[in-house]
Amino acid sequence: MGKDYYDILGIKKGASEDDIKKAYRKQALRFHPDKNKSPGAEEKFKEIAEAYDVLSDPKKKDIYDRFGEEGLKGGGGPTGGSGPGTFSYTFQGDPHAIFAEFFGGRKPFEQFFGARNGGMEEDMDTDDPFSRFGMGGGGGMGPGGMGGFSRSFGPGMGGMGGMGGHTSVVKKQQDPPVVHDLRVSLEEVLNGCTKKMKISRKRLNPDGRTTRSEEKILEVQIKKGWKEGTKITFAKEGDETPRNIPADVVFVLKDKPHPVFKRDGSDIVYTAKVTLRDALCGCTVHAPTLEGRTVTVTSTDIIQPGMKWRVSGEGLPYPKRPDRRGDLIVEYEVKFPERLTQSARDTIAQVLPRS
């Protein structure tokens, strides 16, 4: 003897669509594991979801009414037409997902009645917790009901009647962007490169209710000269659920610290450390470049602390003109001696002016 889905929901065969919805609402709230802690409540909650999944779908309901559970699941009976020989059903849905789709959330007790006593008020009518809102017994919500309670539903699930018996469909909202920092070296910005980023996300199964985890490789094309803060967006690559539009995945370029250079827009800065003697008497600095070459910078003037020297075209490409490049800036840092002999002090005092 197969399952009696009508009996599970507490209704009779031939019940209307509204009767099926009302019965599911009542039974699902009664046996929801967040409220009902008795042994077997979890299994009963799943049976209620399966019964609603079948009876709310016209095709499944028709086959079940004619051939019962065994025929619905392809286990016997006639094999012609739209009978069980051409249709096989197995409940693989998530009862909590069905509940969430119907009520607009997995925790309606907390949403509607507050979090006290596990989200359920102690004096609530356990047979029909919505009776105090004018929702019990009737079809849709009355004038004193909770406006905006109607939801949109996934495949095979009927809508819940709104005020005045009309069905209101709530549009899916897209989740906020998922933002990741993407670290790149100055050499990668100089030449451009491709970064392969592995992300993990949820995707809907064919039943439109349950989800699975999967990994995907996103290829990020880094173009020459891109500045820190540049955003690369992959549309709708975030988590997918029955109730949302997947978020965009956004990568934001961040410069990796470089052992030799600092970045200043499209320019790069090299700090050349020179002695006080060289700063006063003139010196030659062999400055490195990003390509591994060196450029020679000679100064015969007195070098003031913080003085800079530009070498044209040895920086990073301009983002909008990658055929042109910024400059290499040689920034001098004067190293003062830690100690001087008395003889050196006397000599310096004689040579250097007081002002």
# chains A, B, ... in the order shown; residues from 1 in each chain; ligands from 1

call {"tool": "closest_atom_pairs", "arguments": {"of": "region 248-292 of chain A", "to": "region 296-315 of chain A", "cutoff": "8 Å", "atoms": "only C-alpha atoms", "output": "Markdown table"}}
result
| residue | atom | partner | partner_atom | distance |
| --- | --- | --- | --- | --- |
| A:Ser266 | CA | A:Gly315 | CA | 6.2 |
| A:Asp267 | CA | A:Gly315 | CA | 4.8 |
| A:Ile268 | CA | A:Gly315 | CA | 5.4 |
| A:Ala279 | CA | A:Ile303 | CA | 4.7 |
| A:Leu280 | CA | A:Ile302 | CA | 4.8 |
| A:Cys281 | CA | A:Ile302 | CA | 6.5 |
| A:Gly282 | CA | A:Thr300 | CA | 4.3 |
| A:Cys283 | CA | A:Ser299 | CA | 5.6 |
| A:Thr284 | CA | A:Thr298 | CA | 4.2 |
| A:Val285 | CA | A:Val297 | CA | 5.1 |
| A:His286 | CA | A:Thr296 | CA | 4.6 |
| A:Ala287 | CA | A:Thr296 | CA | 6.2 |
| A:Thr289 | CA | A:Glu314 | CA | 6.8 |
| A:Leu290 | CA | A:Gly315 | CA | 7.9 |

call {"tool": "residues_around", "arguments": {"residues": "Pro176 (chain A)", "least_positions_apart": "5", "cutoff": "10 Å", "atoms": "only C-alpha atoms", "output": "MDAnalysis selection string"}}
result
chainID A and resid 238 245:249

call {"tool": "write_last_selection", "arguments": {"atoms": "N, CA and C atoms", "output": "JSON list (two decimals), in the first residue's frame"}}
result
[["chain", "number", "residue", "atom", "x", "y", "z"],
["A", 238, "GLY", "N", 28.20, 34.39, -8.90],
["A", 238, "GLY", "CA", 28.12, 34.08, -7.48],
["A", 238, "GLY", "C", 27.18, 32.93, -7.19],
["A", 245, "ILE", "N", 19.03, 36.21, -7.69],
["A", 245, "ILE", "CA", 19.83, 36.31, -8.91],
["A", 245, "ILE", "C", 21.28, 36.29, -8.46],
["A", 246, "PRO", "N", 22.12, 35.41, -9.03],
["A", 246, "PRO", "CA", 23.49, 35.31, -8.54],
["A", 246, "PRO", "C", 24.22, 36.65, -8.59],
["A", 247, "ALA", "N", 25.05, 36.86, -7.59],
["A", 247, "ALA", "CA", 25.83, 38.10, -7.50],
["A", 247, "ALA", "C", 26.91, 38.13, -8.58],
["A", 248, "ASP", "N", 27.31, 39.34, -8.93],
["A", 248, "ASP", "CA", 28.49, 39.51, -9.78],
["A", 248, "ASP", "C", 29.74, 39.25, -8.93],
["A", 249, "VAL", "N", 30.74, 38.65, -9.55],
["A", 249, "VAL", "CA", 32.03, 38.46, -8.89],
["A", 249, "VAL", "C", 32.98, 39.54, -9.43]]

call {"tool": "atom_distance", "arguments": {"atom1": "CA of Glu237 (chain A)", "atom2": "CA of Arg183 (chain A)"}}
result
20.2 Å

call {"tool": "residues_around", "arguments": {"residues": "Thr211 (chain A)", "least_positions_apart": "2", "cutoff": "8 Å", "atoms": "only C-alpha atoms", "output": "PyMOL selection string"}}
result
chain A and resi 202-205+209+213+240-241

call {"tool": "residues_around", "arguments": {"residues": "Ala15 (chain A)", "least_positions_apart": "6", "cutoff": "12 Å", "atoms": "only C-alpha atoms", "output": "ChimeraX atom specification"}}
result
/A:5-7,9,21-23,55-56,61,65

call {"tool": "closest_residue", "arguments": {"among": "A:Gly265, A:Gly10, A:Pro95, A:Pro353", "to": "Glu47 (chain A)", "atoms": "only C-alpha atoms"}}
result
A:Pro95

call {"tool": "atom_distance", "arguments": {"atom1": "CA of Val184 (chain A)", "atom2": "CA of Asp239 (chain A)"}}
result
26.0 Å

call {"tool": "atom_distance", "arguments": {"atom1": "CA of Asp264 (chain A)", "atom2": "CA of Glu187 (chain A)"}}
result
14.5 Å

call {"tool": "closest_residue", "arguments": {"among": "A:Arg354, A:His96, A:Glu50, A:Glu17", "to": "Pro33 (chain A)", "atoms": "only C-alpha atoms"}}
result
A:His96

call {"tool": "residues_around", "arguments": {"residues": "Glu338 (chain A)", "least_positions_apart": "3", "cutoff": "12 Å", "atoms": "only C-alpha atoms", "output": "ChimeraX atom specification"}}
result
/A:275-276,335,341

call {"tool": "write_last_selection", "arguments": {"atoms": "N, CA, C and O atoms", "output": "mmCIF file, in the first residue's frame"}}
result
data_model
loop_
_atom_site.group_PDB
_atom_site.id
_atom_site.type_symbol
_atom_site.label_atom_id
_atom_site.label_comp_id
_atom_site.auth_asym_id
_atom_site.auth_seq_id
_atom_site.Cartn_x
_atom_site.Cartn_y
_atom_site.Cartn_z
ATOM 1 N N THR A 275 75.995 58.791 -0.219
ATOM 2 C CA THR A 275 76.674 59.305 0.981
ATOM 3 C C THR A 275 76.634 60.826 0.989
ATOM 4 O O THR A 275 76.381 61.480 -0.038
ATOM 5 N N LEU A 276 76.915 61.401 2.145
ATOM 6 C CA LEU A 276 76.963 62.859 2.247
ATOM 7 C C LEU A 276 78.052 63.407 1.357
ATOM 8 O O LEU A 276 77.890 64.459 0.723
ATOM 9 N N LYS A 335 72.653 59.654 2.980
ATOM 10 C CA LYS A 335 73.018 58.949 4.204
ATOM 11 C C LYS A 335 74.071 59.772 4.951
ATOM 12 O O LYS A 335 75.188 59.986 4.449
ATOM 13 N N THR A 341 85.521 61.998 13.043
ATOM 14 C CA THR A 341 86.688 62.287 13.883
ATOM 15 C C THR A 341 86.772 63.789 14.101
ATOM 16 O O THR A 341 86.199 64.592 13.347
#

call {"tool": "residues_around", "arguments": {"residues": "region 251-263 of chain A", "least_positions_apart": "5", "cutoff": "12 Å", "atoms": "only C-alpha atoms", "output": "PyMOL selection string"}}
result
chain A and resi 177-190+195-197+199+218-223+225-235+237+268-272+287-290+292+315-316+326-331

call {"tool": "closest_residue", "arguments": {"among": "A:Tyr318, A:Pro242, A:Gly192, A:Glu214", "to": "Gln173 (chain A)", "atoms": "only C-alpha atoms"}}
result
A:Pro242
